[in-house]
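Peer 1: For reference, this is structure-v5.txt, and it has compact mmCIF, C-alpha atoms.
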```txt
# COMPACT_ATOMS: atom_id res chain seq x y z
CA MET A 29 86.56 40.48 52.58
CA SER A 30 89.76 42.46 52.81
CA GLU A 31 91.85 42.51 55.95
CA ARG A 32 91.13 46.18 56.40
CA ARG A 33 87.39 45.60 56.45
CA VAL A 34 87.84 42.69 58.82
CA ALA A 35 89.88 44.93 61.11
CA ILE A 36 87.12 47.57 61.02
CA LEU A 37 84.57 44.88 61.71
CA PHE A 38 86.71 43.62 64.60
CA GLY A 39 86.88 47.10 66.06
CA GLY A 40 83.14 47.51 65.75
CA VAL A 41 82.49 44.17 67.41
CA VAL A 42 84.84 45.03 70.29
CA VAL A 43 83.19 48.41 70.81
CA PHE A 44 79.75 46.82 70.66
CA LEU A 45 80.70 44.19 73.22
CA LEU A 46 82.25 46.79 75.50
CA ALA A 47 79.08 48.82 75.26
CA LEU A 48 77.09 45.71 76.00
CA LEU A 49 79.19 45.03 79.09
CA THR A 50 79.05 48.57 80.41
CA ALA A 51 75.32 48.75 79.74
CA GLN A 52 74.87 45.91 82.20
CA GLU A 53 76.82 47.90 84.82
CA PRO A 54 75.65 51.50 84.34
CA GLN A 55 77.10 52.78 87.60
CA ARG A 56 80.50 51.34 86.80
CA ALA A 57 80.14 52.48 83.22
CA GLY A 58 79.54 55.99 84.51
CA ASP A 59 82.64 55.73 86.67
CA LEU A 60 84.66 54.52 83.71
CA ALA A 61 83.30 57.31 81.58
CA LEU A 62 84.26 59.77 84.27
CA TRP A 63 87.66 58.17 84.56
CA VAL A 64 88.23 58.78 80.87
CA GLU A 65 86.25 61.96 80.62
CA GLY A 66 87.38 63.57 83.85
CA PRO A 67 90.96 64.43 82.91
CA VAL A 68 89.85 65.67 79.51
CA LYS A 69 87.22 67.88 81.06
CA GLN A 70 89.66 69.05 83.69
CA PHE A 71 92.21 69.91 81.01
CA VAL A 72 89.62 71.79 79.00
CA ALA A 73 88.39 73.55 82.12
CA THR A 74 91.95 74.48 83.09
CA VAL A 75 92.67 75.88 79.65
CA ALA A 76 89.40 77.77 79.63
CA GLU A 77 90.04 79.07 83.12
CA THR A 78 93.54 80.16 82.20
CA VAL A 79 92.34 81.93 79.07
CA ASP A 80 89.54 83.56 81.04
CA ARG A 81 91.96 84.61 83.79
CA VAL A 82 94.35 86.11 81.25
CA ARG A 83 91.48 87.89 79.52
CA GLN A 84 90.10 89.18 82.80
CA GLY A 85 93.60 90.22 83.84
CA ARG A 86 94.00 92.24 80.67
CA VAL A 87 90.59 93.82 81.12
CA ALA A 88 91.32 94.56 84.77
CA ARG A 89 94.71 96.01 83.88
CA ALA A 90 93.21 98.26 81.23
CA GLU A 91 90.55 99.29 83.72
CA MET A 92 93.18 99.97 86.37
CA GLU A 93 95.28 102.01 83.97
CA ARG A 94 92.25 104.07 82.98
CA GLU A 95 91.28 104.46 86.62
CA ASN A 96 94.84 105.39 87.48
CA VAL A 97 94.83 108.17 84.90
CA GLU A 98 91.52 109.42 86.24
CA LEU A 99 92.78 109.27 89.81
CA ARG A 100 95.97 111.14 88.93
CA GLU A 101 93.87 113.83 87.29
CA ARG A 102 91.59 113.89 90.30
CA VAL A 103 94.58 114.15 92.65
CA ARG A 104 95.91 117.09 90.65
CA GLU A 105 92.52 118.80 90.86
CA LEU A 106 92.27 118.15 94.57
CA GLU A 107 95.81 119.38 95.19
CA ALA A 108 95.01 122.57 93.34
CA ALA A 109 91.76 122.94 95.25
CA TYR A 110 93.53 122.22 98.53
CA ALA A 111 96.23 124.78 97.80
CA ALA A 112 93.55 127.32 96.97
CA SER A 113 91.64 126.47 100.14
CA VAL A 114 94.78 126.79 102.23
CA GLY A 115 95.42 130.19 100.75
CA VAL A 116 91.85 131.22 101.42
CA ARG A 117 92.05 129.92 104.97
CA LEU A 118 95.30 131.78 105.66
CA GLU A 119 93.85 134.94 104.21
CA SER A 120 90.71 134.41 106.26
CA ASP A 121 92.76 133.88 109.43
CA LEU A 122 94.74 137.03 108.84
CA VAL A 123 91.65 139.11 108.10
CA SER A 124 89.86 137.62 111.08
CA LYS A 125 92.80 138.50 113.31
CA GLN A 126 92.70 142.07 112.09
CA LEU A 127 88.94 142.24 112.52
CA ARG A 128 89.16 140.91 116.08
CA TYR A 129 91.72 143.54 116.98
CA GLU A 130 90.36 145.93 119.58
CA PRO A 131 92.28 149.22 119.41
CA PRO A 132 92.32 151.71 122.25
CA ALA A 133 89.08 153.56 122.73
CA ASP A 134 90.46 156.90 121.60
CA ALA A 135 92.38 155.53 118.65
CA ASP A 136 91.45 156.41 115.09
CA LEU A 137 92.97 153.81 112.81
CA LEU A 138 93.26 153.42 109.06
CA LEU A 139 93.61 149.89 107.68
CA ALA A 140 96.18 149.60 104.85
CA ASP A 141 97.65 146.76 102.80
CA VAL A 142 101.29 145.91 103.27
CA VAL A 143 102.66 145.69 99.72
CA TYR A 144 106.42 145.62 100.36
CA VAL A 145 108.57 144.62 103.33
CA ASP A 146 112.37 144.80 103.56
CA HIS A 147 113.49 143.91 107.03
CA TYR A 148 116.92 142.47 106.24
CA SER A 149 118.70 145.17 104.27
CA PHE A 150 120.45 148.30 105.47
CA ARG A 151 117.26 150.33 105.60
CA ARG A 152 114.49 148.25 107.08
CA THR A 153 111.19 149.54 105.75
CA ALA A 154 107.78 148.56 104.59
CA ILE A 155 105.44 150.12 102.07
CA LEU A 156 101.70 150.40 102.62
CA ARG A 157 99.05 151.03 100.00
CA LEU A 158 96.68 153.63 101.29
CA PRO A 159 92.92 153.43 100.80
CA ALA A 160 91.51 155.58 98.01
CA GLY A 161 89.85 158.12 100.32
CA ALA A 162 92.93 158.68 102.47
CA ARG A 163 95.60 159.42 99.93
CA ARG A 164 95.53 163.21 100.31
CA ASP A 165 95.98 163.24 104.08
CA ASP A 166 99.30 163.99 105.74
CA TRP A 167 100.64 160.70 107.10
CA ALA A 168 104.16 161.76 107.97
CA ARG A 169 105.40 160.53 111.44
CA LYS A 170 102.17 158.65 112.07
CA PRO A 171 102.55 155.45 114.14
CA VAL A 172 101.93 152.15 112.40
CA THR A 173 100.86 149.03 114.26
CA THR A 174 99.39 145.60 113.63
CA ALA A 175 97.11 143.49 115.75
CA GLU A 176 100.22 142.07 117.45
CA GLY A 177 101.95 145.35 118.27
CA LEU A 178 104.17 148.17 117.04
CA LEU A 179 105.41 148.02 113.46
CA GLY A 180 107.03 151.46 113.00
CA ARG A 181 106.19 154.91 111.81
CA VAL A 182 105.52 156.58 108.48
CA VAL A 183 108.52 158.47 107.13
CA SER A 184 107.05 159.53 103.80
CA ALA A 185 103.80 159.25 101.87
CA GLY A 186 102.65 160.03 98.37
CA GLY A 187 101.01 158.57 95.28
CA GLY A 188 98.75 156.39 97.38
CA TYR A 189 101.61 154.73 99.24
CA ALA A 190 103.33 155.29 102.57
CA ARG A 191 106.85 154.24 103.53
CA VAL A 192 107.17 152.90 107.05
CA LEU A 193 110.42 152.82 109.01
CA LEU A 194 110.27 149.53 110.85
CA VAL A 195 110.87 149.37 114.56
CA THR A 196 113.78 147.03 113.86
CA ASP A 197 115.65 149.60 111.81
CA ARG A 198 118.89 150.78 113.42
CA ASP A 199 117.84 154.41 113.13
CA SER A 200 114.48 153.80 114.71
CA SER A 201 114.14 154.83 118.33
CA VAL A 202 111.02 154.24 120.37
CA GLY A 203 110.34 155.36 123.88
CA ALA A 204 109.42 152.16 125.67
CA MET A 205 108.96 150.76 129.12
CA VAL A 206 108.85 147.45 130.88
CA GLU A 207 105.17 146.88 131.47
CA ARG A 208 105.67 145.11 134.81
CA THR A 209 107.91 147.78 136.41
CA ARG A 210 107.01 150.81 134.28
CA ARG A 211 110.73 151.59 133.94
CA GLN A 212 111.40 153.44 130.74
CA GLY A 213 114.11 153.18 128.15
CA ILE A 214 114.66 153.37 124.44
CA VAL A 215 114.14 150.54 121.96
CA ARG A 216 116.28 150.40 118.86
CA GLY A 217 117.12 147.98 116.11
CA THR A 218 120.40 146.12 116.20
CA ARG A 219 123.13 145.90 113.60
CA GLU A 220 123.89 142.24 114.00
CA ASP A 221 120.40 140.75 114.07
CA PRO A 222 117.60 142.36 112.04
CA GLY A 223 114.93 140.44 113.95
CA VAL A 224 115.97 141.55 117.46
CA LEU A 225 115.55 144.85 119.29
CA SER A 226 117.66 146.34 122.00
CA LEU A 227 116.16 148.02 125.09
CA MET A 228 118.67 150.62 126.22
CA PHE A 229 119.32 152.84 129.17
CA LEU A 230 117.87 150.68 131.92
CA PRO A 231 120.19 150.92 134.96
CA LEU A 232 121.64 147.78 136.50
CA GLN A 233 119.68 148.18 139.69
CA VAL A 234 116.37 148.01 137.79
CA ASP A 235 114.47 144.73 138.05
CA VAL A 236 114.26 143.35 134.50
CA ARG A 237 113.64 139.72 133.68
CA PRO A 238 113.40 137.69 130.53
CA GLY A 239 109.73 137.31 129.60
CA ASP A 240 108.80 140.85 130.59
CA LEU A 241 106.60 142.64 128.10
CA VAL A 242 107.88 145.90 126.62
CA VAL A 243 105.33 148.50 125.53
CA THR A 244 105.54 152.01 124.20
CA ALA A 245 106.02 154.58 126.93
CA GLY A 246 104.38 157.51 125.09
CA ILE A 247 107.34 159.78 125.82
CA ASP A 248 108.78 160.16 122.36
CA GLY A 249 106.09 162.43 120.95
CA VAL A 250 105.18 159.91 118.25
CA PHE A 251 103.83 156.67 119.66
CA PRO A 252 100.91 156.50 122.04
CA ARG A 253 101.43 154.75 125.33
CA GLY A 254 100.76 151.06 125.82
CA ILE A 255 101.38 149.60 122.35
CA PRO A 256 103.17 146.21 122.65
CA VAL A 257 106.72 146.39 121.30
CA GLY A 258 108.15 143.01 122.20
CA THR A 259 109.20 140.53 124.85
CA ILE A 260 112.52 140.51 126.68
CA THR A 261 114.53 137.40 125.89
CA SER A 262 117.86 138.08 127.63
CA VAL A 263 119.21 140.50 130.21
CA GLU A 264 122.97 141.05 130.56
CA SER A 265 125.19 143.70 132.08
CA ASP A 266 126.46 146.24 129.59
CA GLY A 267 129.46 147.99 131.09
CA ASP A 268 129.01 149.66 134.46
CA LEU A 269 125.65 151.40 134.31
CA PHE A 270 123.04 149.69 132.09
CA HIS A 271 121.62 146.34 131.28
CA ALA A 272 122.08 144.90 127.82
CA ILE A 273 118.54 143.79 127.08
CA ARG A 274 117.45 141.98 123.98
CA VAL A 275 113.84 142.10 122.90
CA VAL A 276 111.97 140.04 120.33
CA PRO A 277 109.43 142.17 118.45
CA SER A 278 105.76 141.41 118.99
CA VAL A 279 105.14 141.73 115.26
CA ASP A 280 106.16 138.86 113.03
CA LEU A 281 107.71 140.74 110.14
CA GLY A 282 107.61 137.61 108.01
CA SER A 283 103.81 137.44 107.87
CA LEU A 284 102.69 140.98 107.36
CA THR A 285 99.55 141.52 105.31
CA HIS A 286 97.77 144.49 106.82
CA ALA A 287 98.72 147.30 109.14
CA TYR A 288 96.96 150.14 110.95
CA ILE A 289 98.04 153.75 110.56
CA TRP A 290 97.14 155.83 113.53
CA ARG A 291 95.53 159.17 112.81
CA HIS A 292 96.97 160.21 116.14
CA ASP A 293 98.87 163.42 115.63
CA PRO A 294 102.40 163.36 116.96
CA VAL A 295 103.85 166.21 118.97
CA PRO A 296 104.91 168.91 116.52
CA GLU A 297 108.59 169.00 115.94
CA VAL A 298 108.79 172.62 116.87
CA TYR A 299 108.04 171.64 120.49
CA MET A 300 110.71 169.06 120.57
CA ASP A 301 114.41 169.59 120.85
CA GLY A 302 115.18 167.42 117.87
CA GLY A 303 118.46 165.71 117.36
CA ASP A 304 117.89 163.34 120.27
CA GLY A 305 117.18 160.47 117.92
CA VAL A 306 113.64 159.96 119.05
CA SER A 307 111.88 162.48 116.85
CA GLN A 308 113.53 161.71 113.56
CA MET B 1132 79.56 26.14 54.15
CA ALA B 1133 80.96 22.77 55.06
CA SER B 1134 83.52 24.33 57.35
CA ALA B 1135 80.75 26.41 58.99
CA SER B 1136 78.67 23.37 59.63
CA ARG B 1137 81.70 21.52 60.96
CA PHE B 1138 82.43 24.48 63.25
CA ALA B 1139 78.80 24.51 64.39
CA GLY B 1140 78.99 20.83 65.17
CA ALA B 1141 82.26 21.24 67.03
CA LEU B 1142 80.83 24.17 68.97
CA ALA B 1143 77.80 22.13 69.94
CA ALA B 1144 80.04 19.28 71.03
CA VAL B 1145 82.21 21.59 73.14
CA ALA B 1146 79.11 23.11 74.73
CA LEU B 1147 77.81 19.64 75.51
CA VAL B 1148 81.11 18.58 77.03
CA GLU B 1149 81.26 21.78 79.10
CA VAL B 1150 77.76 21.21 80.41
CA LEU B 1151 78.44 17.57 81.23
CA LEU B 1152 81.74 18.39 82.90
CA GLY B 1153 80.08 21.18 84.86
CA GLU B 1154 77.49 18.72 86.12
CA VAL B 1155 79.73 15.76 86.70
CA LEU B 1156 83.21 17.16 87.29
CA PRO B 1157 83.10 20.93 87.87
CA ALA B 1158 86.83 21.14 88.72
CA ALA B 1159 87.79 19.67 85.34
CA ALA B 1160 85.49 22.14 83.56
CA ASN B 1161 87.43 25.04 85.03
CA VAL B 1162 90.83 23.57 84.25
CA VAL B 1163 90.55 23.23 80.47
CA GLU B 1164 89.30 26.10 78.31
CA LEU B 1165 87.59 24.12 75.58
CA PHE B 1166 85.89 27.10 73.97
CA VAL B 1167 89.19 28.95 73.68
CA LEU B 1168 90.77 25.79 72.30
CA LEU B 1169 88.05 25.58 69.66
CA VAL B 1170 88.51 29.24 68.73
CA VAL B 1171 92.28 28.89 68.41
CA LEU B 1172 91.96 25.76 66.29
CA ILE B 1173 89.44 27.33 63.93
CA SER B 1174 91.60 30.45 63.70
CA LEU B 1175 94.72 28.44 62.89
CA ARG B 1176 93.05 26.95 59.85
CA GLY B 1177 91.05 29.94 58.65
CA ASN B 1178 91.51 33.63 57.89
CA SER B 1179 90.94 36.59 60.22
CA LEU B 1180 87.21 36.72 59.42
CA HIS B 1181 86.90 33.08 60.45
CA GLY B 1182 88.79 33.84 63.65
CA LEU B 1183 86.59 36.84 64.38
CA THR B 1184 83.24 35.15 63.69
CA GLY B 1185 84.32 31.90 65.29
CA GLY B 1186 85.51 33.67 68.41
CA LEU B 1187 82.32 35.70 68.58
CA ALA B 1188 80.10 32.64 68.18
CA ALA B 1189 82.03 30.54 70.70
CA GLY B 1190 82.09 33.40 73.17
CA LEU B 1191 78.36 33.98 72.87
CA VAL B 1192 77.69 30.29 73.53
CA GLN B 1193 80.05 30.36 76.50
CA ASP B 1194 78.37 33.48 77.84
CA THR B 1195 75.03 31.76 77.49
CA LEU B 1196 76.23 28.79 79.50
CA THR B 1197 77.90 30.78 82.27
CA ALA B 1198 76.37 33.15 84.78
CA SER B 1199 78.84 35.94 84.14
CA LEU B 1200 78.18 39.18 82.28
CA PHE B 1201 76.85 38.55 78.80
CA GLY B 1202 79.53 39.54 76.33
CA LEU B 1203 82.50 39.06 78.58
CA ASN B 1204 83.71 35.78 77.04
CA SER B 1205 82.52 36.93 73.63
CA LEU B 1206 84.86 39.86 73.74
CA ALA B 1207 87.76 37.78 75.00
CA CYS B 1208 87.21 34.98 72.46
CA CYS B 1209 86.77 37.50 69.69
CA VAL B 1210 90.12 39.10 70.46
CA VAL B 1211 91.81 35.71 70.76
CA GLY B 1212 90.33 34.42 67.54
CA TYR B 1213 91.19 37.52 65.53
CA GLY B 1214 94.67 37.71 67.02
CA VAL B 1215 95.50 34.04 66.40
CA ALA B 1216 94.16 34.28 62.86
CA ARG B 1217 96.34 37.32 62.14
CA ALA B 1218 99.32 35.58 63.70
CA SER B 1219 98.78 32.39 61.73
CA GLN B 1220 98.97 34.42 58.52
CA ARG B 1221 102.51 35.52 59.41
CA ILE B 1222 104.06 32.45 60.97
CA LEU B 1223 104.12 28.76 60.02
CA THR B 1224 101.65 26.90 62.18
CA ASN B 1225 102.07 23.47 60.72
CA ARG B 1226 104.42 22.41 63.45
CA ARG B 1227 102.77 21.11 66.56
CA MET B 1228 104.91 23.14 68.94
CA VAL B 1229 103.90 26.40 67.28
CA ALA B 1230 100.25 25.40 67.44
CA GLY B 1231 100.62 24.44 71.10
CA LEU B 1232 102.31 27.75 71.83
CA LEU B 1233 99.52 29.69 70.12
CA ILE B 1234 96.93 27.74 72.10
CA ALA B 1235 98.71 28.54 75.37
CA VAL B 1236 99.07 32.21 74.45
CA GLY B 1237 95.43 32.35 73.40
CA VAL B 1238 94.29 30.88 76.72
CA MET B 1239 96.45 33.33 78.64
CA VAL B 1240 95.19 36.29 76.63
CA HIS B 1241 91.64 35.10 77.21
CA GLN B 1242 92.23 34.82 80.95
CA VAL B 1243 93.91 38.20 81.16
CA LEU B 1244 91.08 39.86 79.26
CA VAL B 1245 88.39 38.25 81.40
CA ILE B 1246 90.13 39.07 84.66
CA GLY B 1247 90.92 42.58 83.45
CA LEU B 1248 87.35 43.28 82.40
CA LEU B 1249 85.97 41.87 85.64
CA THR B 1250 88.33 44.08 87.60
CA VAL B 1251 87.72 47.22 85.57
CA LEU B 1252 83.98 46.74 85.58
CA ASP B 1253 84.19 46.00 89.31
CA ILE B 1254 81.92 43.00 88.95
CA ALA B 1255 83.81 40.54 91.09
CA ASP B 1256 86.69 40.69 93.47
CA VAL B 1257 89.13 38.73 91.30
CA ASP B 1258 92.44 37.66 92.73
CA PRO B 1259 94.47 36.69 89.67
CA ASP B 1260 96.72 33.69 90.25
CA VAL B 1261 99.50 33.40 87.68
CA LEU B 1262 100.03 29.71 88.40
CA VAL B 1263 96.38 28.93 87.76
CA VAL B 1264 96.46 30.85 84.51
CA LEU B 1265 99.66 29.11 83.41
CA SER B 1266 98.34 25.68 84.35
CA ARG B 1267 95.14 26.31 82.39
CA ALA B 1268 97.19 27.44 79.43
CA LEU B 1269 99.45 24.38 79.62
CA LEU B 1270 96.63 21.88 80.09
CA THR B 1271 94.53 23.42 77.33
CA SER B 1272 97.57 23.45 75.11
CA ALA B 1273 98.23 19.79 75.93
CA VAL B 1274 94.62 18.89 75.12
CA GLY B 1275 94.89 20.82 71.91
CA LEU B 1276 98.11 19.11 70.93
CA ALA B 1277 96.55 15.73 71.74
CA TYR B 1278 93.59 16.61 69.59
CA LEU B 1279 95.83 17.65 66.73
CA TRP B 1280 97.88 14.40 67.05
CA LEU B 1281 94.72 12.32 67.20
CA ALA B 1282 93.19 14.13 64.24
CA ARG B 1283 96.35 13.59 62.23
CA ARG B 1284 96.36 9.91 63.11
CA LEU B 1285 92.73 9.64 62.15
CA ARG B 1286 93.37 11.34 58.83
CA GLU B 1287 96.34 9.04 58.15
CA TRP B 1288 94.33 5.96 59.11
CA ALA B 1289 91.46 7.02 56.88
CA LEU B 1290 93.86 7.71 54.05
CA ARG B 1291 95.47 4.24 54.45
CA ARG B 1292 92.08 2.55 54.41
CA ARG B 1293 91.11 4.39 51.25
CA THR B 1294 94.41 3.42 49.63
CA LEU B 1295 94.01 -0.28 50.56
CA ALA B 1296 90.44 -0.33 49.30
CA ALA B 1297 91.54 1.14 46.00
CA ARG B 1298 94.33 -1.49 45.58
CA ARG B 1299 91.88 -4.32 46.26
CA LEU B 1300 89.53 -2.98 43.62
CA ARG B 1301 92.40 -2.81 41.07
CA SER B 1302 93.60 -6.39 41.91
CA LYS B 1303 90.13 -7.85 41.43
```
I need this file expressed as structure tokens, please.
Peer 2:
Amino acid sequence: MSERRVAILFGGVVVFLLALLTAQEPQRAGDLALWVEGPVKQFVATVAETVDRVRQGRVARAEMERENVELRERVRELEAAYAASVGVRLESDLVSKQLRYEPPADADLLLADVVYVDHYSFRRTAILRLPAGARRDDWARKPVTTAEGLLGRVVSAGGGYARVLLVTDRDSSVGAMVERTRRQGIVRGTREDPGVLSLMFLPLQVDVRPGDLVVTAGIDGVFPRGIPVGTITSVESDGDLFHAIRVVPSVDLGSLTHAYIWRHDPVPEVYMDGGDGVSQ
Amino acid sequence: MASASRFAGALAAVALVEVLLGEVLPAAANVVELFVLLVVLISLRGNSLHGLTGGLAAGLVQDTLTASLFGLNSLACCVVGYGVARASQRILTNRRMVAGLLIAVGVMVHQVLVIGLLTVLDIADVDPDVLVVLSRALLTSAVGLAYLWLARRLREWALRRRTLAARRLRSK
């Protein structure tokens, strides 16, 4: 018999005897098997776990990327919907404010859209679009207000639109009075600040305080009495005779959407002296 | 066939001696590894197959006579027999010192395998003592060398007798 065959036979005999020995100690044989088998199984399990983790990671990443794209799209949709809802809510608030406005009992008002506002340039005006059924009426010199207070008066109308001279314009003069003391003066726009009015011709001895409400006095032949004009913010002495009073308009010119044109007829110009600045 | 029968006879003699020593002088039975000695001697004179089969047979007999796990000494003797047989094919074993060294190494390998298997299989709480192992190896080796010296003397004596007998026949 060749040495190779003897070596194979030797190996077989050794394995057989080892099996014989371990068969007589099955518990220990199991431990030995585990001792040999354990690390191998652990290695295989680790490799399998790693491969599975990598695979799951790739799947999860692909899922997350897909979900991310969907979420971005959803966010865009929601942002658009939110912007639309905000616009609707603002519009609703403005309309609600106008609807809740309670005009004087004898007032006859016409609701018009504000389509143009220029309250910073040399001529501070606004343009209203008149309703279809009211475009042939004469709107010249009619007072214009909002739910907050006085906006101005119509200076011209035609083609379905009306131009309004804002109360803040420098050429605008409104007969006004301090609501608390009923002392009257004239409110005009200022050159230096387009958002501030000036209440003129109130003598120094008159009690005027910051915070006092200024309303129309109804003495200029155009504006009815009692329409809010603004609130006094500062009172200073202007020379020897009059206060220098600054008034913040009641109307926020930066958020105009609708305005009311009063059908109230002003005093005809023929009854007024003219040239006093009030009846322009 | 003759060598197999001689091996069988030697194995039976060793088993008988082991049994007698175990009954009469147990300490002496543990000191000398006669089965390993027999395996090494048979492996020194034969090829690897002889070493393998001789080791297996001697180990099985030893396992039968001892109360340990069956197969423990068989495995150890098998390894020793095969190993010594492979070694004897590569080195000159005619010198007594080489034979004695192989016997000592074979005993030590046998002891290491038995102790190792007992420990791994957790069969007995073995406390291996290097001095005991070395002393067994040395004593077994000494017995083996004595056997080899005695066997050589016996062969020489037998050869001289045959030579003298032949001369007498020629002179007559």
Peer 1: Could you name the residues that touch B:Gln1220 at 10 Å or less, counting only C-alpha atoms, but leaving out those on the same chain fewer than 5 positions away, as a ChimeraX atom specification?
Peer 2: /B:1174-1179,1215
Peer 1: Select residues of chain A: the criterion is any atom within 7 Å of an atom of chain B, counting only C-alpha atoms; output as a compact mmCIF listing (two decimals) with C-alpha atoms, in the coordinates of the input.
Peer 2:
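Just written: part_14.txt:
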```txt
# COMPACT_ATOMS: atom_id res chain seq x y z
CA VAL A 34 87.84 42.69 58.82
CA PHE A 38 86.71 43.62 64.60
CA VAL A 42 84.84 45.03 70.29
CA LEU A 45 80.70 44.19 73.22
CA LEU A 48 77.09 45.71 76.00
CA LEU A 49 79.19 45.03 79.09
CA ARG A 56 80.50 51.34 86.80
```
Peer 1: Please measure the separation of atom CA of A:Ile214 and atom CA of A:Ala287, giving the value in Å to one decimal.
Peer 2: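 Interatomic distance, atom CA of A:Ile214 to atom CA of A:Ala287: 22.9 Å.
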Peer 1: Work out where the centre of an axis-aligned box around every listed atom of stretch 1181-1188 of chain B lies and how long its edges are once 3 Å is added on each side; give both in Å to one decimal as lines of an AutoDock Vina configuration file.
Peer 2:
```
center_x = 84.4
center_y = 34.4
center_z = 64.5
size_x = 14.7
size_y = 10.9
size_z = 14.1
```
Peer 1: Which distance in Å separates atom CA of B:Ile1234 and atom CA of B:Val1167, to one decimal?
Peer 2: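 Between atom CA of B:Ile1234 and atom CA of B:Val1167 the gap works out to 8.0 Å.
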Peer 1: Take atom CA of B:Ser1219 and atom CA of B:Tyr1278 and report the distance between them in Å, one decimal.
Peer 2: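 That distance, rounded to one decimal, is 18.4 Å.
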Peer 1: Using only C-alpha atoms, determine which residues lie at most 7 Å from A:Arg152, disregarding the query and same-chain residues fewer than 4 positions distant; provide the list as a PyMOL selection string.
Peer 2: chain A and resi 146-148+193-194+196-197
Peer 1: Name all residues at most 8 Å from B:Ala1189 (count all atoms listed in the file; drop same-chain ones fewer than 6 positions away) and give them as a count of residues only.
Peer 2: 7
Peer 1: Quick one: residues within 10 Å of B:Ala1277, only C-alpha atoms counted, chain neighbours fewer than 6 positions away excluded, as a PyMOL selection string?
Peer 2: chain B and resi 1227+1231+1271+1283
Peer 1: Mind listing whatever residues come within 6 Å of the point (102.3, 151.5, 126.4)? Use all atoms listed in the file, file coordinates, and give them as a ChimeraX atom specification.
Peer 2: /A:243-245,253-255
Peer 1: Output C-alpha atoms for every residue in that selection, as an mmCIF file, in the frame of the given file.
Peer 2:
```cif
data_model
loop_
_atom_site.group_PDB
_atom_site.id
_atom_site.type_symbol
_atom_site.label_atom_id
_atom_site.label_comp_id
_atom_site.auth_asym_id
_atom_site.auth_seq_id
_atom_site.Cartn_x
_atom_site.Cartn_y
_atom_site.Cartn_z
ATOM 1 C CA VAL A 243 105.330 148.500 125.530
ATOM 2 C CA THR A 244 105.540 152.010 124.200
ATOM 3 C CA ALA A 245 106.020 154.580 126.930
ATOM 4 C CA ARG A 253 101.430 154.750 125.330
ATOM 5 C CA GLY A 254 100.760 151.060 125.820
ATOM 6 C CA ILE A 255 101.380 149.600 122.350
#
```
Peer 1: Excluding A:Val275 and any residue of its chain fewer than 4 positions from it, enumerate the residues within 7 Å of it, using all atoms listed in the file, and give them as a list in words.
Peer 2: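 The contact residues come out as Val224, Leu225, Ser226, Leu227, Gly258, Thr259, Ile260 and Thr261 of chain A.
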Peer 1: Could you please fill out stretch 1204-1215 of chain B with N, CA and C atoms and send it back as an mmCIF file, in the coordinates of the input?
Peer 2:
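Full text of selection10.cif as output:
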```
data_model
loop_
_atom_site.group_PDB
_atom_site.id
_atom_site.type_symbol
_atom_site.label_atom_id
_atom_site.label_comp_id
_atom_site.auth_asym_id
_atom_site.auth_seq_id
_atom_site.Cartn_x
_atom_site.Cartn_y
_atom_site.Cartn_z
ATOM 1 N N ASN B 1204 82.932 36.792 77.759
ATOM 2 C CA ASN B 1204 83.710 35.780 77.040
ATOM 3 C C ASN B 1204 83.668 36.023 75.529
ATOM 4 N N SER B 1205 82.595 36.623 75.062
ATOM 5 C CA SER B 1205 82.520 36.930 73.630
ATOM 6 C C SER B 1205 83.631 37.883 73.237
ATOM 7 N N LEU B 1206 83.805 38.898 74.039
ATOM 8 C CA LEU B 1206 84.860 39.860 73.740
ATOM 9 C C LEU B 1206 86.236 39.208 73.805
ATOM 10 N N ALA B 1207 86.454 38.423 74.845
ATOM 11 C CA ALA B 1207 87.760 37.780 75.000
ATOM 12 C C ALA B 1207 88.024 36.801 73.852
ATOM 13 N N CYS B 1208 87.034 35.958 73.532
ATOM 14 C CA CYS B 1208 87.210 34.980 72.460
ATOM 15 C C CYS B 1208 87.372 35.661 71.106
ATOM 16 N N CYS B 1209 86.674 36.758 70.934
ATOM 17 C CA CYS B 1209 86.770 37.500 69.690
ATOM 18 C C CYS B 1209 88.186 38.009 69.488
ATOM 19 N N VAL B 1210 88.749 38.585 70.537
ATOM 20 C CA VAL B 1210 90.120 39.100 70.460
ATOM 21 C C VAL B 1210 91.099 37.962 70.214
ATOM 22 N N VAL B 1211 90.899 36.850 70.914
ATOM 23 C CA VAL B 1211 91.810 35.710 70.760
ATOM 24 C C VAL B 1211 91.716 35.140 69.336
ATOM 25 N N GLY B 1212 90.507 34.989 68.871
ATOM 26 C CA GLY B 1212 90.330 34.420 67.540
ATOM 27 C C GLY B 1212 90.932 35.315 66.462
ATOM 28 N N TYR B 1213 90.660 36.591 66.525
ATOM 29 C CA TYR B 1213 91.190 37.520 65.530
ATOM 30 C C TYR B 1213 92.708 37.573 65.614
ATOM 31 N N GLY B 1214 93.218 37.612 66.826
ATOM 32 C CA GLY B 1214 94.670 37.710 67.020
ATOM 33 C C GLY B 1214 95.382 36.469 66.513
ATOM 34 N N VAL B 1215 94.856 35.286 66.837
ATOM 35 C CA VAL B 1215 95.500 34.040 66.400
ATOM 36 C C VAL B 1215 95.421 33.928 64.879
#
```
